[in-house]
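**Q** Have a look at the structure that comes next, please.
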Amino acid sequence: MEYKFTNAPVDLDALPDHQQLVYTPTLKARLYKALLVIGLFYIVLIVGVLLLRTVSDVKYLIPALFIGVTFVFMLMAGYQFLLQKQIGYALREHDIAFRRGVIFEKITLIPFNRIQHISTSAGVLDKAFKIANLNIFTAGGSGSDINIPGLNPDMAARLKDKVAQHLTEADV
Amino acid sequence: MSKPFETPQLQSKLGILFIFLSQAYKFLRAFGAAFLYFLIKGFPSEVVLPISIGLVVLLLAILGYSVLSYKKFRFYIDYKNAEFILEQGVFATKVTSIPFSKIQQVYFKRSLLQRVIGVNSVVVDSAGSSAQEIDIKALSDEDGKELQQILMQAVKEEIGTSEASEPNESQPENTASKQPEALWTHRLSPLALLKLGITSNYFRGVWLILLFVGSLYQQLGDFELLQDDQYTEGIKGYFDAYSKPIELFLLTALVFVGVFILGMLISCIEIFIKYFDLNLKQTKESLELAMGLKTNTKVSLKPRRVQLMRVVTNPIQKRLNLNEAQIAIASSQDDLNKAKITIPGLERAQVEKVKRFLFSHQMRPGRIFKPAFILYVRLLIIAGLPLLLTALVASFLVPNYMTEILSILFIIFGMLIIPYQYYWYKALALEITPEFVILRKGVWNQKTEIIELFKLQSVTVSQPVWYKKRDLYNYTFHTAGGDLSFPVTSAEAQRYINYALYRVEVSREAWM
């Protein structure tokens with residue numbers, strides 16, 4: 001094969017803009033699962049607070065704890081609702097983008113030709129809610145790996161295959 | 001005709017035994033203390049029955065789990081997508097796939113237990129962080145060998161097809177950068193080492209002294225060599241003797257100078273031991289580095305492996321034309337500091353030579369970004385918070401001395417923090433050239449971090465809610481040798497993120 005060196009100037013404005021990406025949201029089941037986990041923790045803590053009543057006789061301690069715990073868990077649940085709107089992924093021809101975070105919005109973009117390996121995983125709760133995670137690993141350390149939660153298991157498998165196809169194409 | 005390993009394979013049947021034993025061992029470790037307690041104390045007769053029943057049930061449960069785990073652990077080769085796939089997990093499931101082209105190595109591993117049972121671990125390793133590699137823990141000798149052979153064969157073919165075109169592509173650049181350069185060497189003489197030692201950062205040395213003194217004092221206290229009353233009396237006499245302010249001042253100054261000189265000495269000694277007889281030599285393919293009092297460091301650096309380069313200097317060393325180069329290479333370790341190679345005492349011209357050799361592209365000027373002014377304000381607030389806290393605590397503890405304390409705090413803030421943070425903010429700059437990302441930072445220790453764009457692994461753009469209105473972002477460039485992070489910069493840099501992605505995606509060059 002003959003190698004022809006070209007070095008045309010690149011017009012920055014003509015490049016596809018990642019800020020224009022439309023993110024596909026994850027399934028609502030992700031939110032429900034998160035809420036369930038938070039709810040379970042909340043129940044455990046409240047039971048703990050109620051048990052405390054039998055040993056503690058500090059005035060107002062129990063109601064204060066009760067209100068405090070409820071407030072924190074309301075915040076956590078509210079956060080999950082906001083996160084559900086934020087969290088999403090976007091696939092392009094040559095890379096994948098993943099957006100998450102409410103207070104710190106974070107977008108990680110991984111070019112397909114830098115992906116080392118991919119996996120799909122589903123925990124017990126994920127299975128109960130019929131969702132799966134897609135994990136994408138690069139050589140860039142944990143900061144540059146992404147883990148997309150709340151996907152339809154078929155979708156996760158399809159995405160995985162699709163990215164895998166890109167991987168092999170990107171190399172040849 | 002079906003190809004080998006095309007259909008999902010199970011491990012060797014002995015795998016059940018292996019899983020069972022390792023799980024049982026885990027339980028034994030967890031309950032080992034209770035077990036030992038009963039063994040020593042002797043079993044009370046009334047608990048023998050429930051315990052043995054429980055034990056049997058537990059063992060049966062583990063056995064069931066082992067069988068399930070064995071049945072669910074399946075691996076195969078997907079020839080169409082050219083990748084190796086592993087399915088695992090009883091309750092939580094996981095499917096991992098590694099494309100052939102990303103497989104770094106396939107090797108055998110054997111623990112004592114595996115040796116006894118007669119199975120092998122076959123590890124399929126990719127360049128990702130080490131925790132996620134594939135480990136097939138129970139394969140018989142033949143199966144393992146076959147799998148290894150087939151995978152290695154597949155990897156070779158895969159790389160063969162892609163490499164056939166690669167050398168042609170990368171050659172023009174490589175030869176262009178190598179030919180005009182004569183091989184050169186760089187040595188550090190003892191004099192240069194002395195210069196380095198004197199101009200380096202003594203904080204480490206001072207810190208070591210403090211640690212040493214601290215532990216010494218503690219040990220003396222432990223042996224009660226210093227009787228309490230005697231000691232306090234000694235201090236009292238001491239203060240009486242030196243109660244004149246000038247003498248006291250002189251004494252503190254003397255102590256400071258003493259510690260300073262000692263710190264310098266220790267830094268010098270450390271540098272002598274670490275970098276003695278440093279010898280840097282460039283051959284055609286690599287940079288050879290040997291150093292240390294007993295030549296304990298010997299590295300061969302290949303340009304392809306280099307991911308990130310950092311050049312460090314300080315104003316004094318700059319005047320003496322001394323620069324330190326730190327080079328991070330690709331490694332499967334998450335701890336990136338371990339994979340860092342340090343070359344001290346380079347002249348600027350030599351730094352340029354190293355750069356020219358290690359990087360496949362020429363440095364050209366690019367667009368320079370500075371962080372937004374709000375970053376300085378934020379830095380001041382963050383640095384000011386501890387002071388504010390001190391003032392608050394002081395107002396409760398010693399309200400009588402508030403004016404003194406406040407004035408000290410104000411002096412610290414005004415004379416140290418405001419200028420320091422200003423210079424730090426001023427020094428921070430990000431330059432994106434057609435082929436590089438360059439980050440400059442540091443007030444005294446001035447660092448320049450350089451990565452080649454095509455060696456990027458991924459990019460992260462983050463934005464806290466409170467910067468949304470100002471349209472400011474934090475940018476992080478991930479490489480296999482560490483990250484470059486640049487805070488609070490205008491959205492203008494987003495276009496260069498697009499460019500960085502484009503540059504990586506069109507790249508065919510091997511990045512490691």
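Simple scheme: letters A, B, ... for chains in structure tokens order, numbers from 1 for residues in each chain, numbers from 1 for ligands in the order shown.
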For range 448-452 of chain B, find every residue with an atom within 6 Å (counting only C-alpha atoms), except residues of its own chain fewer than 2 positions away, and show them as an MDAnalysis selection string.
**A** chainID B and resid 308:311 435:440 454:455
**Q** Excluding Lys71 in chain B and residues on its chain fewer than 3 positions from it, collect all residues at most 12 Å away from it, counting only C-alpha atoms, and give them as number ranges by chain.
**A** B: 8-13, 15-16, 19, 64-68, 74-75, 87-90
**Q** Can you write just those residues out, N, CA and C atoms, as a PDB file, in the first residue's frame?
**A**
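And here's part.pdb as it stands now:
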```pdb
ATOM      1  N   PRO B   8     -19.673 -22.341  23.656  1.00  0.00           N
ATOM      2  CA  PRO B   8     -19.334 -22.086  25.054  1.00  0.00           C
ATOM      3  C   PRO B   8     -18.728 -23.312  25.740  1.00  0.00           C
ATOM      4  N   GLN B   9     -17.606 -23.105  26.404  1.00  0.00           N
ATOM      5  CA  GLN B   9     -16.878 -24.188  27.051  1.00  0.00           C
ATOM      6  C   GLN B   9     -16.983 -24.048  28.564  1.00  0.00           C
ATOM      7  N   LEU B  10     -16.980 -25.215  29.214  1.00  0.00           N
ATOM      8  CA  LEU B  10     -16.881 -25.196  30.671  1.00  0.00           C
ATOM      9  C   LEU B  10     -15.434 -25.439  31.049  1.00  0.00           C
ATOM     10  N   GLN B  11     -15.133 -25.178  32.310  1.00  0.00           N
ATOM     11  CA  GLN B  11     -13.794 -25.478  32.784  1.00  0.00           C
ATOM     12  C   GLN B  11     -13.664 -26.978  32.975  1.00  0.00           C
ATOM     13  N   SER B  12     -12.487 -27.421  33.350  1.00  0.00           N
ATOM     14  CA  SER B  12     -12.293 -28.823  33.675  1.00  0.00           C
ATOM     15  C   SER B  12     -13.216 -29.183  34.840  1.00  0.00           C
ATOM     16  N   LYS B  13     -13.693 -30.449  34.856  1.00  0.00           N
ATOM     17  CA  LYS B  13     -14.622 -30.889  35.914  1.00  0.00           C
ATOM     18  C   LYS B  13     -14.032 -30.657  37.299  1.00  0.00           C
ATOM     19  N   GLY B  15     -12.800 -28.244  38.238  1.00  0.00           N
ATOM     20  CA  GLY B  15     -13.120 -26.870  38.613  1.00  0.00           C
ATOM     21  C   GLY B  15     -14.102 -26.808  39.763  1.00  0.00           C
ATOM     22  N   ILE B  16     -15.074 -27.751  39.770  1.00  0.00           N
ATOM     23  CA  ILE B  16     -16.050 -27.770  40.862  1.00  0.00           C
ATOM     24  C   ILE B  16     -15.320 -27.925  42.188  1.00  0.00           C
ATOM     25  N   ILE B  19     -13.482 -24.703  43.043  1.00  0.00           N
ATOM     26  CA  ILE B  19     -14.371 -23.646  43.554  1.00  0.00           C
ATOM     27  C   ILE B  19     -14.821 -24.000  44.966  1.00  0.00           C
ATOM     28  N   GLY B  64     -23.438 -26.818  46.342  1.00  0.00           N
ATOM     29  CA  GLY B  64     -24.427 -26.409  45.344  1.00  0.00           C
ATOM     30  C   GLY B  64     -23.979 -25.162  44.610  1.00  0.00           C
ATOM     31  N   TYR B  65     -23.471 -24.223  45.385  1.00  0.00           N
ATOM     32  CA  TYR B  65     -22.993 -22.979  44.788  1.00  0.00           C
ATOM     33  C   TYR B  65     -21.856 -23.257  43.813  1.00  0.00           C
ATOM     34  N   SER B  66     -20.965 -24.179  44.237  1.00  0.00           N
ATOM     35  CA  SER B  66     -19.812 -24.487  43.386  1.00  0.00           C
ATOM     36  C   SER B  66     -20.264 -25.058  42.054  1.00  0.00           C
ATOM     37  N   VAL B  67     -21.238 -25.994  42.112  1.00  0.00           N
ATOM     38  CA  VAL B  67     -21.715 -26.615  40.875  1.00  0.00           C
ATOM     39  C   VAL B  67     -22.331 -25.551  39.971  1.00  0.00           C
ATOM     40  N   LEU B  68     -23.185 -24.697  40.563  1.00  0.00           N
ATOM     41  CA  LEU B  68     -23.823 -23.632  39.781  1.00  0.00           C
ATOM     42  C   LEU B  68     -22.767 -22.694  39.184  1.00  0.00           C
ATOM     43  N   ARG B  74     -18.667 -19.801  31.662  1.00  0.00           N
ATOM     44  CA  ARG B  74     -18.473 -20.298  30.302  1.00  0.00           C
ATOM     45  C   ARG B  74     -17.678 -19.306  29.483  1.00  0.00           C
ATOM     46  N   PHE B  75     -16.835 -19.837  28.624  1.00  0.00           N
ATOM     47  CA  PHE B  75     -16.037 -18.948  27.781  1.00  0.00           C
ATOM     48  C   PHE B  75     -16.005 -19.496  26.370  1.00  0.00           C
ATOM     49  N   GLU B  87     -18.489 -15.618  30.243  1.00  0.00           N
ATOM     50  CA  GLU B  87     -19.706 -15.395  31.019  1.00  0.00           C
ATOM     51  C   GLU B  87     -19.505 -15.984  32.400  1.00  0.00           C
ATOM     52  N   GLN B  88     -19.929 -15.258  33.429  1.00  0.00           N
ATOM     53  CA  GLN B  88     -19.749 -15.796  34.771  1.00  0.00           C
ATOM     54  C   GLN B  88     -20.783 -15.236  35.732  1.00  0.00           C
ATOM     55  N   GLY B  89     -20.895 -15.866  36.879  1.00  0.00           N
ATOM     56  CA  GLY B  89     -21.741 -15.343  37.946  1.00  0.00           C
ATOM     57  C   GLY B  89     -22.982 -16.166  38.170  1.00  0.00           C
ATOM     58  N   VAL B  90     -23.247 -16.481  39.440  1.00  0.00           N
ATOM     59  CA  VAL B  90     -24.429 -17.269  39.774  1.00  0.00           C
ATOM     60  C   VAL B  90     -25.625 -16.341  39.973  1.00  0.00           C
TER      61      VAL B  90
END
```
**Q** Residues of chain A within 6 Å of chain B, counting only C-alpha atoms, what are they? List them as a PyMOL selection string.
**A** chain A and resi 3+17+103-110+114+116-124+138-141+144+172
**Q** Would you please give, as a VMD selection string, all residues of range 3-135 of chain A that DSSP assigns to alpha helix (DSSP H) based on the backbone?
**A** chain A and resid 28 to 55 61 to 86 124 to 128
**Q** Ranking B:Leu196, B:Val57, B:Ile62, B:Ile408 by minimum distance to Glu324 in chain B and counting only C-alpha atoms, which one comes first?
**A** B:Leu196
